[in-house]
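work.cif follows (mmCIF, C-alpha atoms):
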data_query
loop_
_atom_site.label_atom_id
_atom_site.label_comp_id
_atom_site.auth_asym_id
_atom_site.auth_seq_id
_atom_site.Cartn_x
_atom_site.Cartn_y
_atom_site.Cartn_z
CA MET A 1 -11.29 -31.87 -17.44
CA ASN A 2 -10.74 -32.57 -13.74
CA ASN A 3 -8.03 -30.25 -12.44
CA LEU A 4 -8.47 -31.20 -8.77
CA PRO A 5 -5.33 -33.38 -8.53
CA LEU A 6 -3.32 -30.62 -10.22
CA LYS A 7 -4.81 -28.04 -7.87
CA ILE A 8 -3.82 -30.10 -4.84
CA ALA A 9 -0.30 -30.53 -6.19
CA LEU A 10 0.04 -26.81 -6.95
CA ALA A 11 -1.30 -25.88 -3.51
CA ALA A 12 1.26 -28.19 -1.89
CA VAL A 13 4.10 -26.69 -3.93
CA GLN A 14 2.93 -23.17 -3.02
CA LEU A 15 2.79 -24.05 0.66
CA ILE A 16 6.27 -25.57 0.62
CA SER A 17 7.64 -22.61 -1.40
CA LEU A 18 6.09 -20.07 0.96
CA LEU A 19 7.41 -21.92 3.98
CA ALA A 20 10.90 -22.03 2.48
CA VAL A 21 10.83 -18.31 1.64
CA PHE A 22 9.45 -17.48 5.09
CA LEU A 23 12.18 -19.47 6.85
CA LEU A 24 14.79 -17.83 4.62
CA ALA A 25 13.33 -14.44 5.48
CA ILE A 26 13.43 -15.14 9.22
CA SER A 27 17.00 -16.41 8.93
CA GLN A 28 18.06 -13.20 7.17
CA GLU A 29 16.02 -10.64 9.05
CA ARG A 30 16.70 -11.83 12.60
CA LYS A 31 20.41 -11.14 12.05
CA ARG A 32 19.86 -7.55 10.94
CA ARG A 33 19.42 -4.75 13.46
CA SER A 34 17.10 -1.84 12.79
CA GLY A 35 15.16 -1.25 16.00
CA LEU A 36 11.99 -2.55 14.30
CA PRO A 37 10.13 -5.76 15.22
CA LEU A 38 10.87 -8.76 13.00
CA ILE A 39 7.35 -8.64 11.54
CA LEU A 40 8.03 -5.21 10.00
CA THR A 41 11.16 -6.21 8.08
CA PRO A 42 11.00 -6.34 4.24
CA MET A 43 10.96 -10.06 3.47
CA ILE A 44 8.56 -10.87 6.33
CA VAL A 45 6.17 -8.14 5.19
CA ILE A 46 6.16 -9.30 1.58
CA THR A 47 5.93 -13.01 2.42
CA ALA A 48 3.01 -12.39 4.78
CA ALA A 49 1.15 -10.31 2.18
CA ILE A 50 1.56 -13.04 -0.43
CA GLY A 51 0.68 -15.76 2.08
CA ILE A 52 -2.71 -14.27 3.02
CA SER A 53 -3.88 -14.17 -0.60
CA SER A 54 -2.44 -17.64 -1.23
CA VAL A 55 -4.59 -19.16 1.50
CA ALA A 56 -7.69 -17.30 0.29
CA ALA A 57 -7.09 -18.57 -3.27
CA LEU A 58 -7.79 -22.14 -2.17
CA SER A 59 -11.51 -21.37 -2.48
CA MET A 60 -11.19 -20.82 -6.26
CA ASP A 61 -12.42 -23.43 -8.71
CA ASP A 62 -9.84 -25.82 -10.12
CA TYR A 63 -9.31 -24.12 -13.50
CA GLN A 64 -8.97 -20.63 -12.06
CA TYR A 65 -6.57 -21.89 -9.41
CA VAL A 66 -4.28 -23.29 -12.10
CA GLU A 67 -4.27 -19.89 -13.85
CA TYR A 68 -3.64 -18.14 -10.55
CA SER A 69 -0.75 -20.49 -9.78
CA LYS A 70 1.03 -19.49 -12.99
CA LEU A 71 1.01 -15.86 -11.89
CA TRP A 72 1.89 -16.84 -8.33
CA PHE A 73 5.07 -18.67 -9.30
CA PHE A 74 6.26 -15.77 -11.43
CA GLN A 75 5.59 -13.50 -8.45
CA ILE A 76 7.80 -15.68 -6.24
CA LEU A 77 10.45 -15.68 -8.97
CA GLY A 78 10.29 -11.87 -8.93
CA LEU A 79 10.68 -11.88 -5.16
CA MET A 80 13.85 -13.97 -5.27
CA LEU A 81 15.32 -12.02 -8.21
CA GLY A 82 14.48 -8.75 -6.46
CA LEU A 83 16.37 -9.86 -3.37
CA LEU A 84 19.34 -10.96 -5.50
CA PHE A 85 19.29 -7.66 -7.38
CA SER A 86 19.14 -5.70 -4.11
CA ASN A 87 22.17 -7.49 -2.71
CA THR A 88 24.03 -6.97 -5.99
CA VAL A 89 23.26 -3.27 -6.45
CA LEU A 90 23.16 -2.17 -2.81
CA GLY A 91 25.68 -4.66 -1.50
CA ARG A 92 25.09 -7.05 1.35
CA PRO A 93 24.01 -5.01 4.38
CA SER A 94 25.97 -5.08 7.60
CA LEU A 95 24.17 -7.23 10.13
CA ASP A 96 24.75 -4.91 13.08
CA GLY A 97 23.17 -1.88 11.44
CA SER A 98 26.38 0.07 11.47
CA SER A 99 26.34 3.44 9.75
CA PRO A 100 27.54 3.77 6.16
CA SER A 101 30.86 5.44 5.37
CA ARG A 102 29.17 8.77 4.71
CA GLN A 103 26.63 10.10 7.20
CA ILE A 104 23.23 11.39 6.13
CA VAL A 105 22.80 15.08 6.80
CA LEU A 106 19.17 16.17 7.01
CA SER A 107 18.12 19.78 6.53
CA ARG A 108 15.21 19.92 8.96
CA THR A 109 14.35 23.49 8.07
CA LEU A 110 14.09 22.78 4.34
CA MET A 111 12.11 19.60 4.88
CA SER A 112 9.74 21.38 7.24
CA GLN A 113 9.23 24.23 4.76
CA LEU A 114 8.57 21.86 1.86
CA ALA A 115 6.17 19.80 3.95
CA THR A 116 4.31 22.90 5.13
CA CYS A 117 3.91 24.28 1.61
CA LEU A 118 2.61 20.96 0.30
CA PHE A 119 0.22 20.56 3.21
CA VAL A 120 -1.23 24.04 2.69
CA ALA A 121 -1.69 23.31 -1.03
CA GLY A 122 -3.41 20.03 -0.19
CA PHE A 123 -5.65 21.62 2.42
CA LEU A 124 -6.76 24.38 0.05
CA SER A 125 -7.45 21.75 -2.63
CA ALA A 126 -9.61 19.81 -0.17
CA VAL A 127 -11.58 22.95 0.69
CA ALA A 128 -12.07 23.70 -3.02
CA PHE A 129 -13.19 20.12 -3.70
CA PHE A 130 -15.73 20.12 -0.85
CA ALA A 131 -17.05 23.55 -1.86
CA TRP A 132 -17.39 22.48 -5.50
CA LYS A 133 -18.66 18.91 -5.24
CA GLY A 134 -19.82 18.51 -1.67
CA ILE A 135 -18.67 16.13 1.07
CA PRO A 136 -18.79 12.42 0.09
CA LEU A 137 -19.17 11.23 3.70
CA LEU A 138 -22.43 13.16 4.07
CA ARG A 139 -24.07 11.70 0.98
CA GLY A 140 -26.71 9.02 1.42
CA ASN A 141 -24.88 6.55 -0.81
CA VAL A 142 -21.29 6.91 0.34
CA GLU A 143 -19.74 4.00 -1.60
CA GLN A 144 -20.99 5.07 -5.04
CA GLY A 145 -21.27 8.75 -4.19
CA ARG A 146 -17.57 9.19 -3.54
CA VAL A 147 -16.83 7.67 -6.97
CA ASP A 148 -19.39 9.90 -8.71
CA LEU A 149 -17.99 13.04 -7.10
CA ALA A 150 -14.45 12.08 -8.03
CA SER A 151 -15.18 11.48 -11.72
CA PRO A 152 -16.03 14.78 -13.40
CA GLY A 153 -12.87 16.88 -13.63
CA THR A 154 -11.88 16.93 -9.98
CA GLY A 155 -9.01 14.44 -10.18
CA TYR A 156 -6.12 16.68 -9.15
CA LEU A 157 -8.07 18.55 -6.47
CA ARG A 158 -8.99 15.26 -4.83
CA LEU A 159 -5.47 13.90 -5.27
CA MET A 160 -3.96 17.00 -3.67
CA ALA A 161 -6.37 16.60 -0.75
CA TYR A 162 -4.99 13.11 -0.17
CA LEU A 163 -1.47 14.49 -0.49
CA THR A 164 -1.86 16.20 2.88
CA ILE A 165 -0.81 12.80 4.27
CA PRO A 166 2.92 12.71 3.26
CA PRO A 167 3.76 16.21 4.58
CA ALA A 168 1.79 15.55 7.77
CA LEU A 169 3.84 12.39 8.34
CA LEU A 170 7.15 14.16 7.76
CA SER A 171 6.13 17.05 10.00
CA PHE A 172 5.15 14.61 12.73
CA ALA A 173 8.52 12.86 12.43
CA LEU A 174 10.30 16.21 12.71
CA THR A 175 8.27 17.76 15.52
CA PRO A 176 5.66 15.35 16.95
CA ARG A 177 3.99 17.75 19.37
CA ARG A 178 3.56 20.63 16.95
CA ALA A 179 2.48 18.39 14.04
CA LYS A 180 -0.36 16.59 15.83
CA PHE A 181 -2.73 19.23 14.50
CA LEU A 182 -1.65 18.46 10.92
CA ILE A 183 -2.20 14.73 11.49
CA ALA A 184 -5.67 15.41 12.86
CA LEU A 185 -6.52 17.73 9.96
CA SER A 186 -5.31 15.20 7.40
CA LEU A 187 -7.38 12.51 9.12
CA ILE A 188 -10.50 14.68 8.99
CA ILE A 189 -9.96 15.35 5.25
CA VAL A 190 -9.62 11.65 4.44
CA LEU A 191 -12.68 10.77 6.54
CA LEU A 192 -14.76 13.43 4.78
CA LEU A 193 -13.64 11.94 1.45
CA ALA A 194 -15.06 8.62 2.73
CA ASP A 195 -12.11 6.52 1.65
CA ARG A 196 -10.54 3.75 3.68
CA SER A 197 -7.20 2.87 2.11
CA PRO A 198 -5.61 6.35 2.54
CA LEU A 199 -6.15 5.94 6.28
CA MET A 200 -3.66 3.08 6.18
CA TYR A 201 -1.06 5.37 4.58
CA LEU A 202 -1.59 7.83 7.41
CA PHE A 203 -1.64 5.50 10.41
CA ILE A 204 0.83 2.73 9.53
CA PRO A 205 3.81 5.11 9.11
CA LEU A 206 2.84 6.67 12.45
CA VAL A 207 3.37 3.26 14.06
CA PHE A 208 6.89 3.14 12.60
CA VAL A 209 7.62 6.66 13.85
CA SER A 210 6.29 5.74 17.28
CA ILE A 211 8.57 2.71 17.43
CA SER A 212 11.62 4.72 16.36
CA ARG A 213 10.90 7.37 19.00
CA LYS A 214 10.68 4.70 21.71
CA VAL A 215 14.11 3.19 21.08
CA ASN A 216 16.36 4.22 23.98
CA ILE A 217 20.14 4.58 24.06
CA LYS A 218 20.59 0.81 24.50
CA PHE A 219 18.46 0.23 21.41
CA LYS A 220 15.81 -1.77 23.19
CA PHE A 221 12.16 -0.93 23.62
CA LYS A 222 11.24 0.76 26.85
CA ARG A 223 8.70 -1.47 28.55
CA PRO A 224 6.10 1.26 29.22
CA GLY A 225 6.10 2.21 25.54
CA SER A 226 6.23 -1.30 24.05
CA LEU A 227 2.44 -1.61 24.04
CA ARG A 228 2.00 1.62 22.13
CA PRO A 229 2.41 0.12 18.63
CA ILE A 230 -0.11 -2.61 19.53
CA VAL A 231 -2.65 -0.09 20.77
CA MET A 232 -2.11 2.04 17.66
CA GLY A 233 -2.55 -1.05 15.47
CA ILE A 234 -5.88 -1.86 17.11
CA LEU A 235 -6.95 1.76 16.66
CA ILE A 236 -6.01 1.70 12.97
CA ILE A 237 -8.02 -1.45 12.32
CA SER A 238 -11.00 -0.08 14.24
CA ILE A 239 -11.11 3.19 12.30
CA VAL A 240 -10.67 1.51 8.89
CA VAL A 241 -13.35 -1.09 9.69
CA ALA A 242 -15.71 1.62 10.97
CA VAL A 243 -15.38 3.68 7.76
CA GLY A 244 -15.85 0.60 5.58
CA THR A 245 -18.86 -0.59 7.55
CA TYR A 246 -20.48 2.85 7.39
CA ARG A 247 -19.99 2.92 3.62
CA ILE A 248 -21.75 -0.44 3.27
CA PHE A 249 -24.67 0.50 5.54
CA SER A 250 -25.14 3.79 3.67
CA GLN A 251 -25.55 2.08 0.29
CA ALA A 252 -28.97 0.54 -0.38
CA GLU A 253 -27.60 -1.41 -3.36
CA TYR A 254 -25.74 -3.74 -1.00
CA LEU A 255 -29.10 -5.24 -0.02
CA LYS A 256 -29.12 -6.89 -3.46
CA PHE A 257 -26.11 -9.01 -2.51
CA PRO A 258 -27.20 -12.13 -0.56
CA GLU A 259 -24.00 -12.25 1.48
CA TYR A 260 -24.61 -8.70 2.77
CA SER A 261 -28.40 -8.34 2.89
CA ALA A 262 -29.09 -10.34 6.06
CA ALA A 263 -26.26 -8.68 7.99
CA ILE A 264 -27.39 -5.19 6.89
CA GLN A 265 -31.01 -5.84 7.85
CA ASN A 266 -29.93 -7.19 11.23
CA ARG A 267 -27.49 -4.28 11.71
CA ASP A 268 -24.81 -6.86 12.40
CA VAL A 269 -21.65 -4.75 12.35
CA ALA A 270 -19.32 -7.65 13.19
CA ALA A 271 -20.67 -9.76 10.31
CA ILE A 272 -20.24 -6.87 7.86
CA ALA A 273 -16.66 -6.35 8.98
CA LEU A 274 -15.88 -10.06 8.57
CA LEU A 275 -17.48 -10.18 5.12
CA SER A 276 -15.43 -7.17 4.04
CA PHE A 277 -12.20 -8.80 5.22
CA GLU A 278 -13.03 -12.05 3.39
CA HIS A 279 -13.84 -10.07 0.26
CA TYR A 280 -10.48 -8.30 0.23
CA ALA A 281 -8.63 -11.54 0.96
CA ASN A 282 -10.27 -13.26 -2.03
CA VAL A 283 -9.94 -10.28 -4.34
CA VAL A 284 -6.21 -10.78 -5.02
CA ALA A 285 -6.48 -14.21 -6.62
CA ASN A 286 -9.80 -13.57 -8.40
CA ASN A 287 -8.84 -10.20 -9.85
CA ALA A 288 -5.40 -11.36 -10.92
CA VAL A 289 -6.93 -14.22 -12.93
CA LEU A 290 -9.63 -11.92 -14.31
CA THR A 291 -7.06 -9.38 -15.49
CA LYS A 292 -4.96 -12.11 -17.11
CA SER A 293 -7.98 -13.59 -18.89
CA LEU A 294 -9.05 -10.20 -20.30
CA VAL A 295 -5.54 -9.66 -21.67
CA ASP A 296 -5.30 -13.20 -23.04
CA ASN A 297 -8.62 -12.99 -24.91
CA GLY A 298 -7.82 -9.57 -26.38
CA THR A 299 -10.44 -7.59 -24.45
CA ILE A 300 -7.62 -5.51 -22.95
CA ASP A 301 -4.46 -4.80 -24.93
CA PHE A 302 -1.04 -5.03 -23.36
CA LYS A 303 -0.23 -1.64 -21.84
CA TYR A 304 3.56 -1.78 -22.18
CA GLY A 305 3.95 0.60 -19.24
CA ALA A 306 1.12 2.99 -20.14
CA SER A 307 -0.91 2.11 -17.03
CA TYR A 308 1.87 3.54 -14.86
CA LEU A 309 1.13 6.98 -16.35
CA ALA A 310 -2.35 7.13 -14.78
CA LEU A 311 -1.14 9.95 -12.53
CA PHE A 312 -0.81 12.16 -15.62
CA ALA A 313 -3.94 10.96 -17.46
CA PRO A 314 -6.06 14.07 -16.65
CA VAL A 315 -3.65 16.34 -18.55
CA LEU A 316 -3.18 14.04 -21.54
CA PRO A 317 -5.28 14.63 -24.69
CA GLY A 318 -8.34 12.42 -25.16
CA GLN A 319 -10.11 10.13 -22.70
CA HIS A 320 -7.96 7.73 -20.69
CA LEU A 321 -9.37 4.98 -18.52
CA THR A 322 -7.36 3.76 -15.56
CA LEU A 323 -6.62 0.03 -15.63
CA ASP A 324 -9.15 -0.80 -12.91
CA ARG A 325 -11.99 0.87 -14.81
CA GLU A 326 -10.93 -0.77 -18.05
CA ILE A 327 -11.07 -4.16 -16.31
CA ARG A 328 -14.55 -3.40 -15.03
CA LEU A 329 -15.82 -2.40 -18.47
CA GLY A 330 -14.12 -5.35 -20.14
CA SER A 331 -15.48 -7.89 -17.66
CA GLY A 332 -19.02 -6.51 -17.74
CA LYS A 333 -19.29 -6.91 -14.00
CA SER A 334 -21.79 -4.73 -12.18
CA PHE A 335 -21.26 -3.73 -8.57
CA VAL A 336 -21.19 -0.76 -6.23
CA GLY A 337 -18.14 1.50 -6.37
CA GLY A 338 -15.37 2.24 -8.85
CA GLY A 339 -13.20 -0.09 -10.88
CA ILE A 340 -11.78 -3.57 -10.36
CA PRO A 341 -8.27 -3.50 -8.82
CA PRO A 342 -5.85 -5.42 -11.06
CA THR A 343 -3.58 -6.64 -8.20
CA LEU A 344 0.20 -6.52 -8.35
CA MET A 345 0.43 -9.73 -10.38
CA GLY A 346 -2.35 -8.69 -12.76
CA GLU A 347 -1.03 -5.17 -13.29
CA GLY A 348 2.39 -6.52 -14.18
CA TYR A 349 0.86 -9.07 -16.56
CA ALA A 350 -1.33 -6.42 -18.22
CA ASN A 351 1.79 -4.42 -19.05
CA PHE A 352 4.45 -6.97 -20.01
CA GLY A 353 2.97 -10.44 -19.54
CA TYR A 354 4.67 -12.78 -17.09
CA ALA A 355 7.82 -10.66 -17.32
CA GLY A 356 5.79 -7.74 -15.93
CA THR A 357 4.69 -9.84 -12.95
CA VAL A 358 8.32 -10.70 -12.24
CA LEU A 359 9.43 -7.07 -12.63
CA GLU A 360 6.73 -5.61 -10.36
CA CYS A 361 7.38 -8.06 -7.55
CA GLY A 362 11.12 -7.58 -7.93
CA PHE A 363 10.61 -3.81 -7.74
CA VAL A 364 8.68 -3.90 -4.45
CA VAL A 365 11.38 -6.10 -2.90
CA PHE A 366 14.09 -3.70 -4.00
CA LEU A 367 12.07 -0.69 -2.79
CA LEU A 368 11.69 -2.08 0.74
CA GLU A 369 15.26 -3.35 0.86
CA TYR A 370 16.59 0.07 -0.12
CA TRP A 371 14.67 1.97 2.55
CA TYR A 372 15.18 -0.68 5.21
CA ARG A 373 18.92 -0.32 4.80
CA ILE A 374 18.57 3.40 5.46
CA VAL A 375 16.58 2.51 8.60
CA MET A 376 19.42 0.20 9.65
CA SER A 377 22.04 2.87 9.00
CA THR A 378 20.28 5.51 11.13
CA TYR A 379 18.77 3.67 14.09
CA LYS A 380 22.01 3.56 16.10
CA GLY A 381 22.83 7.20 15.55
CA ALA A 382 22.25 9.97 18.03
CA ASP A 383 19.94 11.81 15.62
CA ARG A 384 16.54 10.43 16.60
CA THR A 385 14.75 12.92 14.35
CA LEU A 386 16.54 11.57 11.28
CA SER A 387 15.65 8.04 12.34
CA ALA A 388 11.99 9.05 12.78
CA VAL A 389 11.86 10.62 9.29
CA VAL A 390 13.40 7.53 7.69
CA ASN A 391 10.99 5.26 9.56
CA ALA A 392 8.04 7.36 8.40
CA ILE A 393 9.08 6.95 4.76
CA TYR A 394 9.84 3.24 5.19
CA GLY A 395 6.46 2.77 6.88
CA TYR A 396 4.73 4.43 3.93
CA MET A 397 6.58 2.15 1.49
CA VAL A 398 5.62 -0.92 3.55
CA CYS A 399 1.98 0.14 3.36
CA TRP A 400 2.23 0.75 -0.41
CA VAL A 401 3.79 -2.66 -1.00
CA CYS A 402 1.15 -4.47 1.09
CA MET A 403 -1.76 -2.60 -0.49
CA SER A 404 -0.31 -3.15 -3.97
CA GLN A 405 -1.14 -6.84 -3.60
CA VAL A 406 -4.75 -5.75 -4.20
CA GLY A 407 -4.53 -2.52 -6.21
CA GLY A 408 -1.19 -2.83 -7.99
CA LEU A 409 1.36 -0.03 -7.96
CA GLU A 410 -0.99 2.37 -9.71
CA GLY A 411 -3.72 0.23 -11.27
CA ALA A 412 -6.52 1.24 -8.90
CA SER A 413 -5.46 4.54 -7.32
CA THR A 414 -2.97 7.28 -8.18
CA PHE A 415 -2.59 8.50 -4.59
CA PRO A 416 -0.17 5.84 -3.24
CA PHE A 417 2.19 6.34 -6.18
CA ALA A 418 1.90 10.13 -5.98
CA GLY A 419 2.52 10.02 -2.23
CA ALA A 420 5.62 7.88 -2.69
CA VAL A 421 6.98 10.24 -5.35
CA THR A 422 6.27 13.20 -3.07
CA LEU A 423 8.20 11.64 -0.18
CA LEU A 424 11.14 10.79 -2.46
CA ILE A 425 11.30 14.33 -3.84
CA ILE A 426 11.19 15.97 -0.41
CA TRP A 427 13.77 13.51 0.91
CA GLY A 428 16.04 14.04 -2.10
CA LEU A 429 15.95 17.81 -1.64
CA SER A 430 16.39 17.75 2.13
CA ALA A 431 18.94 14.98 2.74
CA LYS A 432 22.52 14.62 1.64
CA GLY A 433 24.75 11.57 1.94
CA GLU A 434 25.29 8.03 0.71
CA TYR A 435 21.69 6.94 1.14
CA SER A 436 20.07 10.33 0.61
CA ARG A 437 18.91 9.67 -2.95
CA ALA A 438 17.20 6.68 -4.48
CA PRO A 439 19.42 4.99 -7.08
CA TRP A 440 16.85 5.51 -9.79
#
structure tokens encoding of this file:
Amino acid sequence: MNNLPLKIALAAVQLISLLAVFLLAISQERKRRSGLPLILTPMIVITAAIGISSVAALSMDDYQYVEYSKLWFFQILGLMLGLLFSNTVLGRPSLDGSSPSRQIVLSRTLMSQLATCLFVAGFLSAVAFFAWKGIPLLRGNVEQGRVDLASPGTGYLRLMAYLTIPPALLSFALTPRRAKFLIALSLIIVLLLADRSPLMYLFIPLVFVSISRKVNIKFKFKRPGSLRPIVMGILIISIVVAVGTYRIFSQAEYLKFPEYSAAIQNRDVAAIALLSFEHYANVVANNAVLTKSLVDNGTIDFKYGASYLALFAPVLPGQHLTLDREIRLGSGKSFVGGGIPPTLMGEGYANFGYAGTVLECGFVVFLLEYWYRIVMSTYKGADRTLSAVVNAIYGYMVCWVCMSQVGGLEGASTFPFAGAVTLLIIWGLSAKGEYSRAPW
């Protein structure tokens, strides 16, 4: 059956839908004042993340594209319902960013103490992990080696090592000069663990904090500091690409893949970086369809929310595979590394079918809307430290939402979810006021 005409029609509808949502987002976000650039506002962030994968999906074959489009439209439905739900539950936000009726009171001392205790626990866990299993970055086969070292009973030690990131971010927001050492130490730990994605959760919130610290009393960016977020963005991309490229060059198995072999043999770093970017752009559509097909043919049972408990799997009786590893086993695919990320659409579908896809996308919209409104309520206040803390948390949530397009909320890694829970707990204990606690 020739699905090409249908594919063209679906692609056109997707393009028009995305354009309409994007214009709606710009219309809404440009009226709201938060001190952040338009590109970092909730609806723009989510629309851009969906748009990148939508363009990459055009390379799929006709049948797969039709299956992908089904998930895509339910994702857009979730986006719109999430926005409607946010406005209903949270109320329509004031456009000028005026403060809510009750001010947020932040206990800096308590937050600093909680952050310090968690960081120390994470640092000691990292030391224990390296002493027990070795340093993944120093292994000859970094890509597979980091997975092998993480498998046998070291889950919580490794997770706690990654959890040096949230307290380092909060400490930096509270006292930037004194906390630079914690940021550097957290960076070193993540680099030694040879993982790329946690670097995003460290650096992206720092950009948000940097922006909030550079807003002067007239709430406009100081010209000398306006280039700082751009420079930091370039630095983030460079470090992440460097770690990813090193992982590929260190793994001999990549020579078996035609698309990588020539570039590796020629030591073409730029080509490797481009191939990696293309791979991650295509992964969303391909993995979403793969996850759906495995559920539809009965290879994977509906999880009904069980996949969201991956954080607690190591302490549950019996053997429990995370969703990404279950997808890899079910698909029979062989490649270097860990499991196959289910994507946000696929993870939702694996739990509750199309309703799960709608719910997950609606949740990420509500999550960003909630924290963005706190950003709006604090950016005009005199308390720049409070604004920096809120921006750090919002920046982390932005990163989680963007990365969830590939990995899902918890389908490929427990760290982003654990980090978000950690930030919410510390915030809930340290802040009092109308927006001090998440409504859930």
Please write as a PyMOL selection string the list of polymer residues whose atoms come within 12 Å of (9.3, -15.0, -8.0), counting only C-alpha atoms and keeping to the coordinates of the file.
chain A and resi 14+17-18+21+46-47+50+69-84+345+354-365
Could you write out the selected residues, including C-alpha atoms, as a PDB file, keeping the file's coordinate frame?
ATOM      1  CA  GLN A  14       2.930 -23.170  -3.020  1.00  0.00           C
ATOM      2  CA  SER A  17       7.640 -22.610  -1.400  1.00  0.00           C
ATOM      3  CA  LEU A  18       6.090 -20.070   0.960  1.00  0.00           C
ATOM      4  CA  VAL A  21      10.830 -18.310   1.640  1.00  0.00           C
ATOM      5  CA  ILE A  46       6.160  -9.300   1.580  1.00  0.00           C
ATOM      6  CA  THR A  47       5.930 -13.010   2.420  1.00  0.00           C
ATOM      7  CA  ILE A  50       1.560 -13.040  -0.430  1.00  0.00           C
ATOM      8  CA  SER A  69      -0.750 -20.490  -9.780  1.00  0.00           C
ATOM      9  CA  LYS A  70       1.030 -19.490 -12.990  1.00  0.00           C
ATOM     10  CA  LEU A  71       1.010 -15.860 -11.890  1.00  0.00           C
ATOM     11  CA  TRP A  72       1.890 -16.840  -8.330  1.00  0.00           C
ATOM     12  CA  PHE A  73       5.070 -18.670  -9.300  1.00  0.00           C
ATOM     13  CA  PHE A  74       6.260 -15.770 -11.430  1.00  0.00           C
ATOM     14  CA  GLN A  75       5.590 -13.500  -8.450  1.00  0.00           C
ATOM     15  CA  ILE A  76       7.800 -15.680  -6.240  1.00  0.00           C
ATOM     16  CA  LEU A  77      10.450 -15.680  -8.970  1.00  0.00           C
ATOM     17  CA  GLY A  78      10.290 -11.870  -8.930  1.00  0.00           C
ATOM     18  CA  LEU A  79      10.680 -11.880  -5.160  1.00  0.00           C
ATOM     19  CA  MET A  80      13.850 -13.970  -5.270  1.00  0.00           C
ATOM     20  CA  LEU A  81      15.320 -12.020  -8.210  1.00  0.00           C
ATOM     21  CA  GLY A  82      14.480  -8.750  -6.460  1.00  0.00           C
ATOM     22  CA  LEU A  83      16.370  -9.860  -3.370  1.00  0.00           C
ATOM     23  CA  LEU A  84      19.340 -10.960  -5.500  1.00  0.00           C
ATOM     24  CA  MET A 345       0.430  -9.730 -10.380  1.00  0.00           C
ATOM     25  CA  TYR A 354       4.670 -12.780 -17.090  1.00  0.00           C
ATOM     26  CA  ALA A 355       7.820 -10.660 -17.320  1.00  0.00           C
ATOM     27  CA  GLY A 356       5.790  -7.740 -15.930  1.00  0.00           C
ATOM     28  CA  THR A 357       4.690  -9.840 -12.950  1.00  0.00           C
ATOM     29  CA  VAL A 358       8.320 -10.700 -12.240  1.00  0.00           C
ATOM     30  CA  LEU A 359       9.430  -7.070 -12.630  1.00  0.00           C
ATOM     31  CA  GLU A 360       6.730  -5.610 -10.360  1.00  0.00           C
ATOM     32  CA  CYS A 361       7.380  -8.060  -7.550  1.00  0.00           C
ATOM     33  CA  GLY A 362      11.120  -7.580  -7.930  1.00  0.00           C
ATOM     34  CA  PHE A 363      10.610  -3.810  -7.740  1.00  0.00           C
ATOM     35  CA  VAL A 364       8.680  -3.900  -4.450  1.00  0.00           C
ATOM     36  CA  VAL A 365      11.380  -6.100  -2.900  1.00  0.00           C
TER      37      VAL A 365
END
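For the structure in this document, the set picked by the PyMOL selection byres ((chain A and resi 110) around 10) is Leu106, Ser107, Arg108, Thr109, Met111, Ser112, Gln113, Leu114, Ala115, Thr116, Ile426, Trp427, Leu429, Ser430 and Ala431 of chain A.
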Could you tell me which residues the PyMOL selection byres ((chain A and resi 378-392) around 6) returns for this structure, as a PyMOL selection string?
chain A and resi 34+173-174+205+208-209+212+375-377+393-395
How far is it from CA of Ser59 (chain A) to CA of Ile327 (chain A), in Å with one decimal?
22.1 Å
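Of the residues under consideration (A:Lys7, A:Phe415, A:Leu423, A:Gly433), A:Phe415 shows the shortest atom-to-atom contact distance to Pro198 (chain A) when counting only C-alpha atoms.
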From the list A:Ile135, A:Leu4, A:Ala161, A:Val289, the nearest residue to Ala194 (chain A) using all atoms listed in the file is A:Ile135
Fewer than 2 positions away in the same chain doesn't count, so skip those; otherwise give me all residues within 7 Å of Gly122 (chain A), counting all atoms listed in the file, as a ChimeraX atom specification.
/A:118-120,124-126,160-161,163-164
Choose the residue, out of A:Arg373, A:Val421, A:Gly134, A:Pro416, that has the smallest atom-to-atom separation from Arg33 (chain A); count all atoms listed in the file.
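The shortest atom-to-atom distance to Arg33 (chain A) comes from A:Arg373.
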What would the list of residues within 12 Å of (-4.6, -11.4, -21.8) (file frame) look like as a VMD selection string, if only C-alpha atoms are what count?
chain A and resid 67 288 to 303 327 330 346 to 354
Once you have the residues from the selection above, write them out as a tab-separated table (two decimals), in the frame of the given file, restricted to C-alpha atoms.
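Written out: result37.tsv:
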chain	number	residue	atom	x	y	z
A	67	GLU	CA	-4.27	-19.89	-13.85
A	288	ALA	CA	-5.40	-11.36	-10.92
A	289	VAL	CA	-6.93	-14.22	-12.93
A	290	LEU	CA	-9.63	-11.92	-14.31
A	291	THR	CA	-7.06	-9.38	-15.49
A	292	LYS	CA	-4.96	-12.11	-17.11
A	293	SER	CA	-7.98	-13.59	-18.89
A	294	LEU	CA	-9.05	-10.20	-20.30
A	295	VAL	CA	-5.54	-9.66	-21.67
A	296	ASP	CA	-5.30	-13.20	-23.04
A	297	ASN	CA	-8.62	-12.99	-24.91
A	298	GLY	CA	-7.82	-9.57	-26.38
A	299	THR	CA	-10.44	-7.59	-24.45
A	300	ILE	CA	-7.62	-5.51	-22.95
A	301	ASP	CA	-4.46	-4.80	-24.93
A	302	PHE	CA	-1.04	-5.03	-23.36
A	303	LYS	CA	-0.23	-1.64	-21.84
A	327	ILE	CA	-11.07	-4.16	-16.31
A	330	GLY	CA	-14.12	-5.35	-20.14
A	346	GLY	CA	-2.35	-8.69	-12.76
A	347	GLU	CA	-1.03	-5.17	-13.29
A	348	GLY	CA	2.39	-6.52	-14.18
A	349	TYR	CA	0.86	-9.07	-16.56
A	350	ALA	CA	-1.33	-6.42	-18.22
A	351	ASN	CA	1.79	-4.42	-19.05
A	352	PHE	CA	4.45	-6.97	-20.01
A	353	GLY	CA	2.97	-10.44	-19.54
A	354	TYR	CA	4.67	-12.78	-17.09
